[in-house]
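Undergrad: What follows is query.cif, made up of mmCIF, C-alpha atoms and all ligand atoms:
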data_model
loop_
_atom_site.group_PDB
_atom_site.id
_atom_site.type_symbol
_atom_site.label_atom_id
_atom_site.label_comp_id
_atom_site.auth_asym_id
_atom_site.auth_seq_id
_atom_site.Cartn_x
_atom_site.Cartn_y
_atom_site.Cartn_z
ATOM 1 C CA MET I 62 -4.985 -5.547 -79.599
ATOM 2 C CA MET I 63 -8.334 -6.919 -78.469
ATOM 3 C CA GLN I 64 -7.406 -6.102 -74.914
ATOM 4 C CA ARG I 65 -6.706 -2.499 -75.864
ATOM 5 C CA ARG I 66 -10.043 -2.092 -77.613
ATOM 6 C CA GLN I 67 -11.870 -3.431 -74.579
ATOM 7 C CA PHE I 68 -9.858 -1.064 -72.442
ATOM 8 C CA LEU I 69 -11.019 1.855 -74.583
ATOM 9 C CA ALA I 70 -14.617 0.714 -74.518
ATOM 10 C CA ALA I 71 -14.610 0.433 -70.748
ATOM 11 C CA GLY I 72 -15.040 4.167 -70.165
ATOM 12 C CA LEU I 73 -13.424 5.194 -66.897
ATOM 13 C CA SER I 74 -10.841 2.432 -66.700
ATOM 14 C CA ALA I 75 -8.486 1.604 -63.872
ATOM 15 C CA GLY I 76 -5.796 3.570 -65.686
ATOM 16 C CA ALA I 77 -8.033 6.603 -65.961
ATOM 17 C CA ALA I 78 -8.904 6.295 -62.289
ATOM 18 C CA SER I 79 -5.287 6.376 -61.164
ATOM 19 C CA SER I 80 -4.765 9.297 -63.536
ATOM 20 C CA LEU I 81 -7.612 11.125 -61.852
ATOM 21 C CA ALA I 82 -5.863 10.548 -58.565
ATOM 22 C CA PHE I 83 -2.845 12.231 -60.157
ATOM 23 C CA LEU I 84 -4.990 15.179 -61.184
ATOM 24 C CA ALA I 85 -6.535 15.399 -57.740
ATOM 25 C CA ALA I 86 -3.186 15.349 -56.013
ATOM 26 C CA GLY I 87 -1.608 17.822 -58.357
ATOM 27 C CA ALA I 88 1.893 16.964 -59.390
ATOM 28 C CA ALA I 89 3.200 15.901 -55.999
ATOM 29 C CA TRP I 90 4.546 12.632 -57.400
ATOM 30 C CA ALA I 91 6.912 14.558 -59.664
ATOM 31 C CA GLN I 92 9.166 15.124 -56.675
ATOM 32 C CA ASN I 93 9.354 11.365 -56.113
ATOM 33 C CA ALA I 94 10.391 10.493 -59.654
ATOM 34 C CA PRO I 95 14.188 10.377 -59.830
ATOM 35 C CA ASN I 96 16.452 11.423 -62.708
ATOM 36 C CA LEU I 97 13.866 13.278 -64.775
ATOM 37 C CA GLY I 98 14.963 16.784 -63.814
ATOM 38 C CA THR I 99 12.684 19.754 -63.288
ATOM 39 C CA PRO I 100 10.616 21.426 -66.007
ATOM 40 C CA THR I 101 11.608 24.960 -67.003
ATOM 41 C CA LEU I 102 8.717 27.338 -66.388
ATOM 42 C CA PRO I 103 8.088 30.168 -68.876
ATOM 43 C CA SER I 104 9.301 33.586 -67.757
ATOM 44 C CA PRO I 105 7.451 35.841 -68.031
ATOM 45 C CA GLY I 106 4.552 33.438 -67.588
ATOM 46 C CA PHE I 107 1.963 35.606 -69.304
ATOM 47 C CA ARG I 108 1.488 36.605 -72.964
ATOM 48 C CA ARG I 109 -0.977 39.053 -74.539
ATOM 49 C CA MET I 110 -2.698 38.806 -77.894
ATOM 50 C CA LYS I 111 -5.390 40.846 -79.634
ATOM 51 C CA VAL I 112 -8.506 39.102 -80.939
ATOM 52 C CA GLY I 113 -10.540 41.785 -82.692
ATOM 53 C CA ASP I 114 -11.225 44.433 -80.038
ATOM 54 C CA ALA I 115 -10.637 41.998 -77.186
ATOM 55 C CA GLU I 116 -7.414 41.079 -75.447
ATOM 56 C CA VAL I 117 -6.585 37.482 -74.564
ATOM 57 C CA ILE I 118 -3.827 36.868 -72.012
ATOM 58 C CA ALA I 119 -2.315 33.404 -71.601
ATOM 59 C CA LEU I 120 -1.450 32.734 -67.941
ATOM 60 C CA ASN I 121 0.844 29.841 -67.085
ATOM 61 C CA ASP I 122 0.153 28.026 -63.812
ATOM 62 C CA GLY I 123 3.153 25.719 -64.114
ATOM 63 C CA ILE I 124 4.290 22.478 -65.693
ATOM 64 C CA ALA I 125 4.270 18.907 -64.369
ATOM 65 C CA ARG I 126 6.887 16.431 -65.553
ATOM 66 C CA ARG I 127 5.557 12.902 -65.793
ATOM 67 C CA PRO I 128 7.521 9.754 -66.615
ATOM 68 C CA LEU I 129 6.325 8.474 -69.993
ATOM 69 C CA GLY I 130 4.889 4.999 -69.449
ATOM 70 C CA GLU I 131 2.837 2.506 -71.402
ATOM 71 C CA GLU I 132 -0.374 3.853 -69.819
ATOM 72 C CA PHE I 133 -0.125 7.473 -71.029
ATOM 73 C CA VAL I 134 -1.465 6.792 -74.509
ATOM 74 C CA ARG I 135 -4.040 4.090 -73.971
ATOM 75 C CA ASN I 136 -4.300 2.800 -77.531
ATOM 76 C CA ALA I 137 -0.781 2.962 -78.960
ATOM 77 C CA PRO I 138 2.433 1.041 -78.197
ATOM 78 C CA LEU I 139 4.989 3.063 -76.234
ATOM 79 C CA ALA I 140 7.528 2.718 -79.058
ATOM 80 C CA GLU I 141 5.173 4.537 -81.463
ATOM 81 C CA VAL I 142 4.533 7.275 -78.930
ATOM 82 C CA ARG I 143 8.274 7.697 -78.387
ATOM 83 C CA SER I 144 8.980 7.925 -82.094
ATOM 84 C CA MET I 145 6.281 10.597 -82.502
ATOM 85 C CA LEU I 146 8.011 12.643 -79.786
ATOM 86 C CA ALA I 147 11.481 12.014 -81.211
ATOM 87 C CA SER I 148 10.311 13.160 -84.671
ATOM 88 C CA GLN I 149 9.595 16.556 -83.099
ATOM 89 C CA GLY I 150 12.877 16.768 -81.200
ATOM 90 C CA LEU I 151 11.142 16.141 -77.846
ATOM 91 C CA PRO I 152 12.395 13.981 -74.946
ATOM 92 C CA THR I 153 11.085 10.413 -75.003
ATOM 93 C CA ASP I 154 11.409 9.307 -71.367
ATOM 94 C CA TYR I 155 9.063 11.891 -69.889
ATOM 95 C CA ILE I 156 6.210 14.239 -70.784
ATOM 96 C CA ASP I 157 6.040 17.838 -69.663
ATOM 97 C CA ILE I 158 2.374 18.743 -69.172
ATOM 98 C CA PRO I 159 1.878 22.522 -69.007
ATOM 99 C CA PHE I 160 -1.132 24.154 -67.314
ATOM 100 C CA ASN I 161 -2.358 27.418 -68.886
ATOM 101 C CA ALA I 162 -5.474 29.468 -68.176
ATOM 102 C CA PHE I 163 -6.635 32.388 -70.332
ATOM 103 C CA LEU I 164 -7.918 35.818 -69.347
ATOM 104 C CA VAL I 165 -10.237 37.588 -71.791
ATOM 105 C CA VAL I 166 -10.519 41.358 -71.361
ATOM 106 C CA ASN I 167 -13.454 42.527 -73.429
ATOM 107 C CA GLY I 168 -15.851 45.443 -73.061
ATOM 108 C CA GLY I 169 -14.819 46.175 -69.478
ATOM 109 C CA ARG I 170 -15.248 42.538 -68.436
ATOM 110 C CA ARG I 171 -12.453 40.295 -67.181
ATOM 111 C CA VAL I 172 -13.192 36.665 -67.822
ATOM 112 C CA LEU I 173 -10.827 33.911 -66.680
ATOM 113 C CA MET I 174 -11.026 30.518 -68.394
ATOM 114 C CA ASP I 175 -10.078 27.647 -66.028
ATOM 115 C CA SER I 176 -8.104 28.226 -62.861
ATOM 116 C CA GLY I 177 -4.969 26.130 -62.309
ATOM 117 C CA PHE I 178 -4.091 24.658 -58.906
ATOM 118 C CA ALA I 179 -3.690 27.676 -56.560
ATOM 119 C CA ASP I 180 -1.738 26.216 -53.581
ATOM 120 C CA ASN I 181 -3.183 22.696 -53.945
ATOM 121 C CA GLY I 182 -0.692 21.282 -56.468
ATOM 122 C CA GLY I 183 2.948 20.263 -56.780
ATOM 123 C CA ALA I 184 6.065 22.407 -56.494
ATOM 124 C CA THR I 185 6.112 23.397 -60.179
ATOM 125 C CA THR I 186 2.466 24.570 -60.228
ATOM 126 C CA GLY I 187 0.470 27.381 -58.620
ATOM 127 C CA ARG I 188 2.055 30.273 -60.563
ATOM 128 C CA LEU I 189 -1.151 31.649 -62.087
ATOM 129 C CA LEU I 190 -1.730 34.422 -59.528
ATOM 130 C CA ALA I 191 1.852 35.673 -59.778
ATOM 131 C CA ASN I 192 1.547 35.730 -63.563
ATOM 132 C CA LEU I 193 -1.834 37.466 -63.336
ATOM 133 C CA ALA I 194 -0.195 40.144 -61.144
ATOM 134 C CA ALA I 195 2.687 40.484 -63.601
ATOM 135 C CA ALA I 196 0.084 41.095 -66.332
ATOM 136 C CA GLY I 197 -1.388 43.898 -64.187
ATOM 137 C CA PHE I 198 -4.454 42.283 -62.571
ATOM 138 C CA LYS I 199 -5.524 41.388 -59.055
ATOM 139 C CA PRO I 200 -7.740 38.398 -58.200
ATOM 140 C CA GLU I 201 -10.452 40.919 -57.171
ATOM 141 C CA ASP I 202 -10.503 42.221 -60.781
ATOM 142 C CA ILE I 203 -11.846 38.946 -62.173
ATOM 143 C CA ASP I 204 -15.638 39.166 -62.572
ATOM 144 C CA THR I 205 -16.255 35.795 -64.246
ATOM 145 C CA VAL I 206 -14.509 32.410 -64.214
ATOM 146 C CA LEU I 207 -15.525 29.924 -66.917
ATOM 147 C CA ILE I 208 -14.836 26.247 -66.220
ATOM 148 C CA THR I 209 -14.378 23.688 -69.035
ATOM 149 C CA HIS I 210 -14.572 20.589 -66.817
ATOM 150 C CA TYR I 211 -14.062 19.380 -63.270
ATOM 151 C CA HIS I 212 -10.625 17.696 -63.384
ATOM 152 C CA GLY I 213 -8.513 18.931 -60.484
ATOM 153 C CA ASP I 214 -5.949 20.826 -62.555
ATOM 154 C CA HIS I 215 -8.739 23.066 -63.895
ATOM 155 C CA ILE I 216 -10.842 23.767 -60.780
ATOM 156 C CA GLN I 217 -8.590 23.674 -57.717
ATOM 157 C CA GLY I 218 -7.391 27.211 -58.444
ATOM 158 C CA LEU I 219 -10.813 28.490 -57.384
ATOM 159 C CA ARG I 220 -10.213 27.709 -53.707
ATOM 160 C CA ARG I 221 -7.050 27.733 -51.611
ATOM 161 C CA LYS I 222 -6.037 24.934 -49.279
ATOM 162 C CA ASP I 223 -7.389 26.986 -46.334
ATOM 163 C CA GLY I 224 -10.828 27.037 -47.986
ATOM 164 C CA SER I 225 -10.852 30.695 -49.051
ATOM 165 C CA LEU I 226 -12.056 31.669 -52.512
ATOM 166 C CA VAL I 227 -9.275 32.939 -54.789
ATOM 167 C CA TYR I 228 -11.536 35.225 -56.893
ATOM 168 C CA PRO I 229 -13.820 36.881 -54.318
ATOM 169 C CA ASN I 230 -15.814 38.966 -56.829
ATOM 170 C CA ALA I 231 -16.227 36.374 -59.573
ATOM 171 C CA LYS I 232 -19.244 34.477 -60.706
ATOM 172 C CA VAL I 233 -18.097 30.925 -61.480
ATOM 173 C CA MET I 234 -19.859 29.573 -64.550
ATOM 174 C CA VAL I 235 -19.903 25.794 -64.960
ATOM 175 C CA PRO I 236 -21.360 23.435 -67.592
ATOM 176 C CA GLU I 237 -24.561 21.941 -66.176
ATOM 177 C CA PRO I 238 -23.882 18.325 -67.343
ATOM 178 C CA GLU I 239 -20.369 18.434 -65.860
ATOM 179 C CA HIS I 240 -21.642 19.688 -62.506
ATOM 180 C CA ALA I 241 -24.429 17.120 -62.488
ATOM 181 C CA PHE I 242 -22.004 14.232 -63.097
ATOM 182 C CA TRP I 243 -19.335 15.056 -60.520
ATOM 183 C CA MET I 244 -21.674 16.259 -57.760
ATOM 184 C CA ASP I 245 -24.006 13.270 -57.927
ATOM 185 C CA ASP I 246 -23.498 11.107 -54.840
ATOM 186 C CA ALA I 247 -24.934 7.981 -56.467
ATOM 187 C CA THR I 248 -22.437 8.268 -59.349
ATOM 188 C CA MET I 249 -19.562 8.655 -56.886
ATOM 189 C CA ASN I 250 -20.684 5.883 -54.566
ATOM 190 C CA ALA I 251 -21.096 3.434 -57.454
ATOM 191 C CA ARG I 252 -17.323 3.568 -57.932
ATOM 192 C CA PRO I 253 -14.659 1.843 -55.844
ATOM 193 C CA GLU I 254 -13.081 3.981 -53.136
ATOM 194 C CA ALA I 255 -9.878 4.364 -55.181
ATOM 195 C CA GLN I 256 -11.772 6.116 -57.982
ATOM 196 C CA ARG I 257 -13.493 8.726 -55.841
ATOM 197 C CA GLY I 258 -10.654 11.281 -55.586
ATOM 198 C CA GLY I 259 -11.893 13.466 -58.438
ATOM 199 C CA PHE I 260 -15.409 13.520 -56.989
ATOM 200 C CA MET I 261 -14.036 14.613 -53.619
ATOM 201 C CA VAL I 262 -12.049 17.436 -55.215
ATOM 202 C CA ALA I 263 -15.191 18.690 -56.987
ATOM 203 C CA ARG I 264 -17.042 18.684 -53.663
ATOM 204 C CA ARG I 265 -14.249 20.513 -51.869
ATOM 205 C CA VAL I 266 -14.312 23.279 -54.497
ATOM 206 C CA PHE I 267 -18.030 23.595 -55.244
ATOM 207 C CA ALA I 268 -20.175 22.125 -52.433
ATOM 208 C CA GLN I 269 -19.988 25.231 -50.203
ATOM 209 C CA MET I 270 -19.910 27.802 -52.999
ATOM 210 C CA PRO I 271 -22.636 30.424 -52.407
ATOM 211 C CA ALA I 272 -25.599 30.072 -54.766
ATOM 212 C CA ASP I 273 -25.169 33.620 -56.052
ATOM 213 C CA LYS I 274 -21.585 32.830 -57.139
ATOM 214 C CA LEU I 275 -22.092 29.477 -58.858
ATOM 215 C CA VAL I 276 -23.917 29.724 -62.193
ATOM 216 C CA ARG I 277 -24.696 26.604 -64.200
ATOM 217 C CA PHE I 278 -25.156 27.018 -67.930
ATOM 218 C CA ALA I 279 -26.297 24.755 -70.736
ATOM 219 C CA PRO I 280 -23.464 24.192 -73.263
ATOM 220 C CA GLY I 281 -24.284 26.288 -76.321
ATOM 221 C CA ALA I 282 -25.264 29.312 -74.237
ATOM 222 C CA GLU I 283 -23.551 32.677 -74.451
ATOM 223 C CA VAL I 284 -21.670 32.905 -71.134
ATOM 224 C CA ALA I 285 -20.217 36.435 -71.388
ATOM 225 C CA PRO I 286 -20.437 39.182 -74.009
ATOM 226 C CA GLY I 287 -18.907 37.736 -77.203
ATOM 227 C CA ILE I 288 -18.158 34.345 -75.607
ATOM 228 C CA ARG I 289 -20.203 31.303 -76.530
ATOM 229 C CA SER I 290 -19.921 27.887 -74.908
ATOM 230 C CA VAL I 291 -19.715 24.782 -77.102
ATOM 231 C CA ALA I 292 -20.436 21.220 -75.949
ATOM 232 C CA ALA I 293 -17.374 19.002 -76.490
ATOM 233 C CA HIS I 294 -18.127 15.976 -74.356
ATOM 234 C CA GLY I 295 -15.838 12.927 -74.202
ATOM 235 C CA HIS I 296 -12.787 13.924 -72.183
ATOM 236 C CA THR I 297 -15.331 14.217 -69.368
ATOM 237 C CA PRO I 298 -19.136 13.836 -69.521
ATOM 238 C CA GLY I 299 -19.729 17.612 -69.665
ATOM 239 C CA HIS I 300 -16.453 18.948 -71.100
ATOM 240 C CA THR I 301 -17.188 22.314 -72.771
ATOM 241 C CA LEU I 302 -15.232 24.761 -74.983
ATOM 242 C CA PHE I 303 -15.401 28.547 -75.143
ATOM 243 C CA GLU I 304 -15.337 30.588 -78.328
ATOM 244 C CA LEU I 305 -14.626 34.327 -78.316
ATOM 245 C CA GLN I 306 -15.711 36.438 -81.291
ATOM 246 C CA SER I 307 -14.744 40.071 -81.720
ATOM 247 C CA ALA I 308 -14.679 42.299 -84.792
ATOM 248 C CA GLY I 309 -14.580 39.397 -87.224
ATOM 249 C CA GLN I 310 -11.833 37.442 -85.428
ATOM 250 C CA SER I 311 -12.240 34.406 -83.233
ATOM 251 C CA PHE I 312 -10.366 32.513 -80.562
ATOM 252 C CA VAL I 313 -11.368 29.020 -79.499
ATOM 253 C CA TYR I 314 -10.236 27.864 -76.065
ATOM 254 C CA VAL I 315 -10.359 24.080 -76.325
ATOM 255 C CA GLY I 316 -9.658 23.145 -72.692
ATOM 256 C CA ASP I 317 -8.687 19.459 -72.684
ATOM 257 C CA LEU I 318 -10.030 18.605 -76.127
ATOM 258 C CA THR I 319 -6.468 17.384 -76.432
ATOM 259 C CA ASN I 320 -3.719 16.894 -73.912
ATOM 260 C CA VAL I 321 -0.216 17.805 -75.215
ATOM 261 C CA PRO I 322 -0.690 18.586 -78.933
ATOM 262 C CA ALA I 323 2.669 17.013 -79.889
ATOM 263 C CA LEU I 324 0.889 13.669 -79.385
ATOM 264 C CA PHE I 325 -2.874 14.140 -79.484
ATOM 265 C CA ALA I 326 -3.220 16.846 -82.149
ATOM 266 C CA ARG I 327 -0.646 15.150 -84.378
ATOM 267 C CA ASN I 328 -2.576 11.897 -83.878
ATOM 268 C CA PRO I 329 -6.144 12.806 -82.808
ATOM 269 C CA ASP I 330 -7.092 9.117 -82.659
ATOM 270 C CA TRP I 331 -4.763 8.510 -79.747
ATOM 271 C CA ALA I 332 -6.435 8.505 -76.336
ATOM 272 C CA VAL I 333 -4.699 10.085 -73.370
ATOM 273 C CA THR I 334 -5.193 8.184 -70.140
ATOM 274 C CA PHE I 335 -7.320 11.088 -68.808
ATOM 275 C CA ASP I 336 -10.007 10.800 -71.528
ATOM 276 C CA MET I 337 -13.003 9.283 -69.745
ATOM 277 C CA ASP I 338 -14.888 8.291 -72.921
ATOM 278 C CA ALA I 339 -12.056 7.802 -75.383
ATOM 279 C CA GLU I 340 -14.225 7.210 -78.463
ATOM 280 C CA ALA I 341 -16.426 10.274 -77.895
ATOM 281 C CA ALA I 342 -13.315 12.353 -77.148
ATOM 282 C CA ARG I 343 -11.674 11.177 -80.396
ATOM 283 C CA LYS I 344 -14.682 12.125 -82.541
ATOM 284 C CA THR I 345 -15.134 15.489 -80.840
ATOM 285 C CA ARG I 346 -11.421 16.253 -81.201
ATOM 286 C CA ARG I 347 -11.405 15.614 -84.953
ATOM 287 C CA GLU I 348 -14.616 17.616 -85.549
ATOM 288 C CA VAL I 349 -13.532 20.647 -83.549
ATOM 289 C CA PHE I 350 -9.978 20.718 -84.925
ATOM 290 C CA GLN I 351 -11.301 20.484 -88.475
ATOM 291 C CA ARG I 352 -13.675 23.375 -87.818
ATOM 292 C CA ILE I 353 -10.864 25.492 -86.312
ATOM 293 C CA VAL I 354 -8.600 24.850 -89.316
ATOM 294 C CA SER I 355 -11.422 25.629 -91.779
ATOM 295 C CA SER I 356 -12.279 28.904 -90.062
ATOM 296 C CA ASN I 357 -8.617 29.829 -89.416
ATOM 297 C CA ALA I 358 -9.502 30.742 -85.822
ATOM 298 C CA MET I 359 -6.852 31.246 -83.175
ATOM 299 C CA VAL I 360 -6.737 28.293 -80.799
ATOM 300 C CA GLY I 361 -5.678 28.006 -77.165
ATOM 301 C CA GLY I 362 -5.299 24.852 -75.068
ATOM 302 C CA TYR I 363 -4.812 24.276 -71.373
ATOM 303 C CA HIS I 364 -2.006 21.734 -71.923
ATOM 304 C CA PHE I 365 -0.462 23.394 -74.983
ATOM 305 C CA PRO I 366 3.166 24.571 -74.795
ATOM 306 C CA PHE I 367 3.386 28.206 -73.682
ATOM 307 C CA PRO I 368 2.154 30.699 -74.858
ATOM 308 C CA ALA I 369 -0.472 28.010 -75.416
ATOM 309 C CA PHE I 370 -2.228 29.925 -78.181
ATOM 310 C CA GLY I 371 -1.575 29.993 -81.910
ATOM 311 C CA ARG I 372 -2.846 28.298 -85.049
ATOM 312 C CA LEU I 373 -3.651 24.735 -86.047
ATOM 313 C CA ALA I 374 -2.709 23.357 -89.455
ATOM 314 C CA ALA I 375 -3.647 20.056 -91.045
ATOM 315 C CA GLN I 376 -0.628 17.731 -91.055
ATOM 316 C CA GLY I 377 -0.526 14.052 -92.028
ATOM 317 C CA ASN I 378 -3.236 12.130 -90.216
ATOM 318 C CA GLY I 379 -3.846 15.021 -87.820
ATOM 319 C CA PHE I 380 -2.962 18.579 -86.950
ATOM 320 C CA ALA I 381 0.091 20.567 -85.963
ATOM 321 C CA PHE I 382 -0.042 23.316 -83.341
ATOM 322 C CA GLN I 383 1.935 26.420 -84.271
ATOM 323 C CA PRO I 384 2.444 28.641 -81.202
ATOM 324 C CA ALA I 385 1.971 32.388 -81.809
HETATM 325 ZN ZN ZN E 401 -6.412 19.055 -67.771
#
With the file now loaded, output its structure as structure tokens.
Ligand SMILES: [Zn+2]

TA:
Amino acid sequence: MMQRRQFLAAGLSAGAASSLAFLAAGAAWAQNAPNLGTPTLPSPGFRRMKVGDAEVIALNDGIARRPLGEEFVRNAPLAEVRSMLASQGLPTDYIDIPFNAFLVVNGGRRVLMDSGFADNGGATTGRLLANLAAAGFKPEDIDTVLITHYHGDHIQGLRRKDGSLVYPNAKVMVPEPEHAFWMDDATMNARPEAQRGGFMVARRVFAQMPADKLVRFAPGAEVAPGIRSVAAHGHTPGHTLFELQSAGQSFVYVGDLTNVPALFARNPDWAVTFDMDAEAARKTRREVFQRIVSSNAMVGGYHFPFPAFGRLAAQGNGFAFQPA
């Protein structure tokens, strides 16, 4: 037990570093893992919902299937994790991690929240643009992209493998503390080579982005009409949420406040291997979830099961996600 606590206290641990390599590489390893099958992607991979006068469209980018190992939940025995999954009728030898962005159409603006992989990920990712087209939009229609944090599954969709920008007319709005952390050379160089993958991905996406396209904001700022940013640090140093308000209704996009809710909403004290500061992430998760339940807001999450938006309800020691 002591060893686990130290592991949690260590911040970006070796486990988290190899997980970042996973995020940087997309889901390429999934093709090398035998006998786990292929995840079933949602079809259609978009879903509309009204929030006041605004429209929110969930856009699936794909799903990665990952063998469930001891490392996935850093502070719980695998047997407990398996029994939590089994209690919900879910498979216990692997985890399907969905990737979902959200498009907010409000007052003539088209605001995309996070971006998927584009063509940089594994075979069962990169569907966002096709789903955007199916919902009736072209990449040129997007005027703003909001980024929650700089993990590869959230930012690589901004730039294709050939270097071209996916959303040519969009301003890309990024949390200032997140940008500062990942783009700082001293921070990167202080880490062993094996832990630098995520920093390199951030550079590939952002280093050459024209100054008039890249807008840094302070968490707490209004980032688009009716959309406020909310600091939710822990998963990464600058991880930030977005809250849409329209005509008395609200929708909170929580990014990676939790990974799959079947584990980390049901037990918010569990730390996914990707949480860089597990203790800060745990506190933030409980606070934000409690606030969402109290206000009865709609919630959306990047790694929630499609359509990835719905309601949260208090359940046991944590919260249950009820898809809309
Ligand atoms: Zn993520």

Undergrad: Between atom CA of Gly287 of chain I and atom CA of Pro271 of chain I, what is the distance in Å, rounded to a tenth?

TA: 26.1 Å

Undergrad: Could you tell me, counting only C-alpha atoms and all ligand atoms, which protein and nucleic acid residues lie no more than 8 Å from ligand ZN 401 (chain E), written as a ChimeraX atom specification?

TA: /I:84,160,212-215,316-317,320,363-364

Undergrad: Have a look at I:Pro200, I:Arg126, I:Ala194, I:Phe133 and name the one nearest to Leu102 of chain I; count only C-alpha atoms.

TA: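 Using only C-alpha atoms, the shortest distance to Leu102 of chain I belongs to I:Arg126.
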
Undergrad: Select from segment 90-168 of chain I every residue with an atom at most 8 Å from any atom of segment 301-313 of chain I, then for each give the shortest pair of atoms and their distance in Å to one decimal, using only C-alpha atoms, rows by chain and rising number, as a Markdown table.

TA:
| residue | atom | partner | partner_atom | distance |
| --- | --- | --- | --- | --- |
| I:Val112 | CA | I:Gln310 | CA | 5.8 |
| I:Gly113 | CA | I:Ser307 | CA | 4.6 |
| I:Asp114 | CA | I:Ser307 | CA | 5.9 |
| I:Ala115 | CA | I:Ser307 | CA | 6.4 |

Undergrad: List the residues selected by the PyMOL selection byres (((chain I and resi 246) around 12) and not hetatm) in the file shown, writing them as an NGL selection string.

TA: :I and (240-245 or 247-252 or 257 or 260-261 or 263-264 or 268)

Undergrad: For Glu131 of chain I, which residue out of I:Tyr155, I:Phe198, I:Phe365, I:Phe163 is the nearest one, using all atoms listed in the file?

TA: I:Tyr155

Undergrad: On this structure, the PyMOL selection byres (((chain I and resi 385) around 7) and not hetatm) would catch which residues? List them as a VMD selection string, sorted by chain and number.

TA: chain I and resid 370 to 371 383 to 384

Undergrad: Suppose you want the space between atom CA of Tyr314 of chain I and atom CA of Arg352 of chain I; what is it in Å?

TA: 13.0 Å

Undergrad: Taking the file as shown, what set of residues would the PyMOL selection byres (((chain I and resi 325-339) around 6) and not hetatm) give back, as number ranges by chain?

TA: I: 72-73, 77, 133-135, 295-297, 319, 322-324, 340-343, 379-381

Undergrad: How close does segment 258-293 of chain I get to segment 170-175 of chain I? List, as a Markdown table, each residue of segment 258-293 of chain I within 12 Å, its nearest atom pair and the distance in Å to one decimal, counting all atoms listed in the file.

TA:
| residue | atom | partner | partner_atom | distance |
| --- | --- | --- | --- | --- |
| I:Val284 | CA | I:Val172 | CA | 9.8 |
| I:Ala285 | CA | I:Val172 | CA | 7.9 |
| I:Pro286 | CA | I:Arg170 | CA | 8.3 |
| I:Gly287 | CA | I:Arg170 | CA | 10.6 |
| I:Ile288 | CA | I:Val172 | CA | 9.5 |
| I:Ser290 | CA | I:Met174 | CA | 11.3 |

Undergrad: Once you count all atoms listed in the file, which residues end up no further than 12 Å from (9.5, 14.4, -70.6) in the file's frame, shown as a ChimeraX atom specification?

TA: /I:91,94,96-101,124-130,133,143,146-147,150-159,321,323

Undergrad: Let me know the centre plus edge lengths, in Å and rounded to one decimal, of a box with edges along x, y and z that contains all listed atoms of segment 362-365 of chain I and is padded by 8 Å on every side, as AutoDock Vina command-line options.

TA:
--center_x -2.9 --center_y 23.3 --center_z -73.2 --size_x 20.8 --size_y 19.1 --size_z 19.7

Undergrad: What does the distance between atom CA of Leu318 of chain I and atom CA of Pro236 of chain I come to in Å, to one decimal place?

TA: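 Pair atom CA of Leu318 of chain I / atom CA of Pro236 of chain I returns 15.0 Å.
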
Undergrad: So which residues touch Gln217 of chain I within 7 Å, counting all atoms listed in the file, skipping near sequence neighbours fewer than 5 positions away, as a ChimeraX atom specification?

TA: /I:176-179,181,266

Undergrad: Those residues you just picked out, can you put them in a file as an mmCIF file, keeping the file's coordinate frame with C-alpha atoms?

TA:
data_model
loop_
_atom_site.group_PDB
_atom_site.id
_atom_site.type_symbol
_atom_site.label_atom_id
_atom_site.label_comp_id
_atom_site.auth_asym_id
_atom_site.auth_seq_id
_atom_site.Cartn_x
_atom_site.Cartn_y
_atom_site.Cartn_z
ATOM 1 C CA SER I 176 -8.104 28.226 -62.861
ATOM 2 C CA GLY I 177 -4.969 26.130 -62.309
ATOM 3 C CA PHE I 178 -4.091 24.658 -58.906
ATOM 4 C CA ALA I 179 -3.690 27.676 -56.560
ATOM 5 C CA ASN I 181 -3.183 22.696 -53.945
ATOM 6 C CA VAL I 266 -14.312 23.279 -54.497
#

Undergrad: Compare I:Gly377, I:Pro229, I:Pro253, I:Gly299 by their minimum atom-to-atom distance to Met270 of chain I, counting all atoms listed in the file, and give me the closest one.

TA: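 Closest to Met270 of chain I of all the choices is I:Pro229.
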